[in-house]
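> Take this structure first; my questions come after.
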Amino acid sequence: MGEYILGLDAGNTVIKAIIFDKTGRELALAARDGHSSMPKPGHVERDLNELWRNAVAVIRQCIEQAGIDAGEILAIGCAGHGNGLYALDRDGAPLIGIQSLDTRAVGIVADWAKQDVGARAYAHCLQMPWAAQTPTLLAWLKRYAPDLFARVGTVFLCKDFVVNRLTGARSTDTSDMSGCGLLRMPDRRYEAELMAAYELEDCMGLLPPVLESAEIAGRITDDVAALTGLRAGTPVVAGLFDVVASAVGSGVTRTGAASVIAGTWSINQVITDEPIRDPSIFMVSTFDPARYLAIEASATSAANLEWIVREFLEQAPDGNKSPFELCSEMVASIDPNGDMPIYHPFLYGSQQSGNARAGFYGIAGWHTRAHLLRALFEGVAFEHKRHVERLRGAGAGIDEIVLSGGGSRSQVWPQIFADVLGVPVTVARSRETGALGAAIAAAVGVGAFAGFGEGAAAMTAAARNYLPDNAISPAYERRYSVYGEINQAMTPIWQRIAAGQAQN
């Protein structure tokens with residue numbers, strides 16, 4: 001029997017392949033950037049054929065770098081970003097890939113709010129509709145792109161598409177389908193009444209069979225083996241919603257533990273024994289039959305730094321350091337107790353409103369680029385704090401926070417998180433917690449571990465710990481209060497901006 005596990009992590013931008021041993025040690029990593037297209041304002045799509053080509057490339061590269069026989073790979077697990085819509089046509093060919101940054105369906109969400117659709121759906125799935133939610137996007141296609149809608153044969157999420165290409169299997173898992181509001185909770189099954197609430201009663205046949213995350217979905221086909229270098233017949237499990245995978249890959253598997261992910265999305269999730277029933281909570285997901293995750297999330301996290309770097313800082317003056325390292329150094333040079341601007345991290349809208357926009361407020365002539373970067377770091381942490389406070393307000397007990405995602409790689413940002421959130425923050429040893437969580441699911445699926453807890457105990461560890469600095473807390477509390485006040489004041493302005501855009 002093999003000794004290694006391959007974990008795949010397909011995000012909104014990058015797909016990664018990593019080979020782990022059973023202690024969580026990384027043998028090799030390969031990654032490739034994807035390209036998003038924005039054919040219209042608010043539309044964020046990707047070429048599914050490119051996604052598959054990138055998956056093939058990183059798998060082959062990873063195996064070559066590891067220098068192992070592909071037959072030593074015990075199993076394969078895949079994580080992928082949740083929500084969005086990855087559809088096959090009726091012949092099983094790629095049709096359209098809509099990413100979870102998409103806001104085209106803001107109007108449908110507004111219409112549904114007037115019709116009380118959210119309350120009807122929430123009674124079944126414990127999630128209110130939002131713009132990039134999978135059923136909302138499917139409803140948008142049905143209303144505004146009927147010809148394309150008529151061609152849809154299978155509704156997938158991101159990792160389901162990758163698993164399908166690897167194995168030919170038409171399947172999904174409970175974590176993704178609960179996280180996108182398509183399962184009745186806590187029953188964890190499809191339901192005609194729920195689909196009818198979304199005005200999608202004719203779409204039940206488009207939904208793939210739901211498996212447990214660690215259940216074997218299929219095996220590597222001969223054709224895929226020839227393309228990737230994998231061994232034909234290698235088992236592939238159904239996989240995980242990437243935020244759930246990151247929690248598992250961070251070692252967060254017990255009730256009361258929280259996983260905070262500073263990635264493209266701001267993900268804030270805590271494990272509970274029973275699903276939290278509170279419509280103010282963004283979503284409820286599940287990764288085994290006995291436990292649930294209450295999740296507060298929005299596209300407001302480290303994607304803001306990626307945008308700043310891409311548009312303004314890509315040409316770093318010091319060739320020995322990445323622009324991200326230079327950003328952290330500039331942030332560290334600013335006194336957090338000093339006069340600071342406020343930043344709203346709403347490049348892709350906010351959880352409260354798809355019309356929200358990013359912005360710096362209170363800039364003065366004495367502020368430098370370093371001040372603006374620190375304001376960005378703080379603004380992202382402030383939005384995470386808003387999410388964490390909402391989870392606590394709904395009754396979730398949080399006694400441990402593990403930080404992962406791109407933001408956790410900074411030497412400065414985790415300390416800002418600890419100071420803003422007011423709790424100790426641990427950074428996971430693995431920088432690739434999504435792929436590691438998927439690998440743990442794969443190992444569980446083939447019997448290497450008895451369950452997620454045992455797998456996480458064997459394959460994860462902490463790398464760094466940060467304690468809150470009480471001397472800084474008053475300054476952050478003041479700025480956080482102003483952050484919220486500006487948010488409220490700007491809401492009608494953002495609506496007017498959106499209305500003007502719609503008229504153009």
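Going by the structure tokens order, chains are called A, B, ..., each with residues numbered from 1, while ligands are numbered from 1 in the order shown.
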Find the spatial neighbours of Gln411 in chain A, counting only C-alpha atoms, within a cut-off of 12 Å - ignore same-chain residues fewer than 2 positions away - and output them as an MDAnalysis selection string.
chainID A and resid 324:332 406:409 413:417 427 463:466
> Show me a table, sorted first by chain and then by increasing residue number, of the residues of range 412-489 of chain A having an atom at most 7 Å from range 385-403 of chain A, each with its shortest atom pair and the distance in Å to one decimal, counting only C-alpha atoms and written as CSV.

```
residue,atom,partner,partner_atom,distance
A:Val420,CA,A:Lys385,CA,7.0
A:Leu421,CA,A:Lys385,CA,5.7
A:Pro424,CA,A:Ile401,CA,6.9
A:Val425,CA,A:Ile401,CA,5.3
A:Thr426,CA,A:Val402,CA,4.7
A:Val427,CA,A:Leu403,CA,5.0
A:Ala428,CA,A:Val402,CA,6.6
```
> Tell me which of A:Asp187, A:Asp419, A:Glu485, A:Asp242 sits closest to Pro468 in chain A, counting only C-alpha atoms.
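Nearest to Pro468 in chain A: A:Asp419.
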> Give me the residues near Ser350 in chain A as an mmCIF file with N, CA, C and O atoms, in the first residue's frame, where near means some atom within 9 Å (using only C-alpha atoms) and where sequence neighbours in that chain fewer than 4 positions away do not count.

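Just written: out-v2.cif:
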```
data_model
loop_
_atom_site.group_PDB
_atom_site.id
_atom_site.type_symbol
_atom_site.label_atom_id
_atom_site.label_comp_id
_atom_site.auth_asym_id
_atom_site.auth_seq_id
_atom_site.Cartn_x
_atom_site.Cartn_y
_atom_site.Cartn_z
ATOM 1 N N SER A 298 -17.257 36.648 3.509
ATOM 2 C CA SER A 298 -17.475 37.625 2.448
ATOM 3 C C SER A 298 -16.179 37.757 1.656
ATOM 4 O O SER A 298 -15.098 37.411 2.152
ATOM 5 N N ALA A 299 -16.274 38.268 0.448
ATOM 6 C CA ALA A 299 -15.095 38.401 -0.424
ATOM 7 C C ALA A 299 -14.337 39.677 -0.079
ATOM 8 O O ALA A 299 -14.198 40.596 -0.897
ATOM 9 N N THR A 300 -13.823 39.748 1.159
ATOM 10 C CA THR A 300 -13.279 41.004 1.678
ATOM 11 C C THR A 300 -11.919 40.840 2.349
ATOM 12 O O THR A 300 -11.543 41.675 3.170
ATOM 13 N N PRO A 345 -12.694 47.049 2.832
ATOM 14 C CA PRO A 345 -12.172 46.050 1.898
ATOM 15 C C PRO A 345 -13.242 45.481 0.962
ATOM 16 O O PRO A 345 -13.379 44.268 0.818
ATOM 17 N N PHE A 346 -14.003 46.354 0.311
ATOM 18 C CA PHE A 346 -15.182 45.924 -0.433
ATOM 19 C C PHE A 346 -14.968 45.974 -1.950
ATOM 20 O O PHE A 346 -15.838 46.427 -2.706
ATOM 21 N N GLY A 354 -24.070 43.763 -2.214
ATOM 22 C CA GLY A 354 -23.230 43.569 -3.390
ATOM 23 C C GLY A 354 -22.850 44.882 -4.043
ATOM 24 O O GLY A 354 -21.955 44.926 -4.883
ATOM 25 N N ASN A 355 -23.518 45.979 -3.657
ATOM 26 C CA ASN A 355 -23.211 47.293 -4.220
ATOM 27 C C ASN A 355 -22.083 48.011 -3.491
ATOM 28 O O ASN A 355 -21.628 49.057 -3.947
ATOM 29 N N ALA A 356 -21.648 47.499 -2.351
ATOM 30 C CA ALA A 356 -20.612 48.167 -1.563
ATOM 31 C C ALA A 356 -19.315 48.269 -2.362
ATOM 32 O O ALA A 356 -19.000 47.408 -3.187
ATOM 33 N N ARG A 357 -18.571 49.342 -2.124
ATOM 34 C CA ARG A 357 -17.303 49.576 -2.814
ATOM 35 C C ARG A 357 -16.191 49.795 -1.802
ATOM 36 O O ARG A 357 -16.424 50.262 -0.691
#
```
> For range 97-108 of chain A, please output as a ChimeraX atom specification all residues within 9 Å (counting only C-alpha atoms; exclusion window: fewer than 4 positions along the same chain).
/A:12,36,40-48,81-87,112-113,130-134,136-137,139-140,157-158,265,299,348-349,353-355
> Need to verify the contact set: range 438-454 of chain A, 10 Å, only C-alpha atoms, exclusion of same-chain residues closer than 6 positions in sequence. Can you return it as an MDAnalysis selection string?
chainID A and resid 3:9 18:22 24 74:80 212:217 235:242 244:246 248:249 251:254 287:288 460
> What gap, in Å, lies between CA of Ser178 in chain A and CA of Cys125 in chain A?
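The value is 7.3 Å.
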> Taking the DSSP secondary structure from the backbone, can you list the residues of range 112-332 of chain A that are helix (DSSP H, G or I), as a VMD selection string?
chain A and resid 112 to 115 117 to 125 134 to 144 146 to 151 158 to 167 174 to 179 192 to 197 201 to 206 222 to 228 242 to 249 303 to 313 323 to 332
> Which residue out of A:Arg374, A:His124, A:Arg291, A:Arg32 has the minimum interatomic distance to Ala196 in chain A when only C-alpha atoms are used?
A:His124
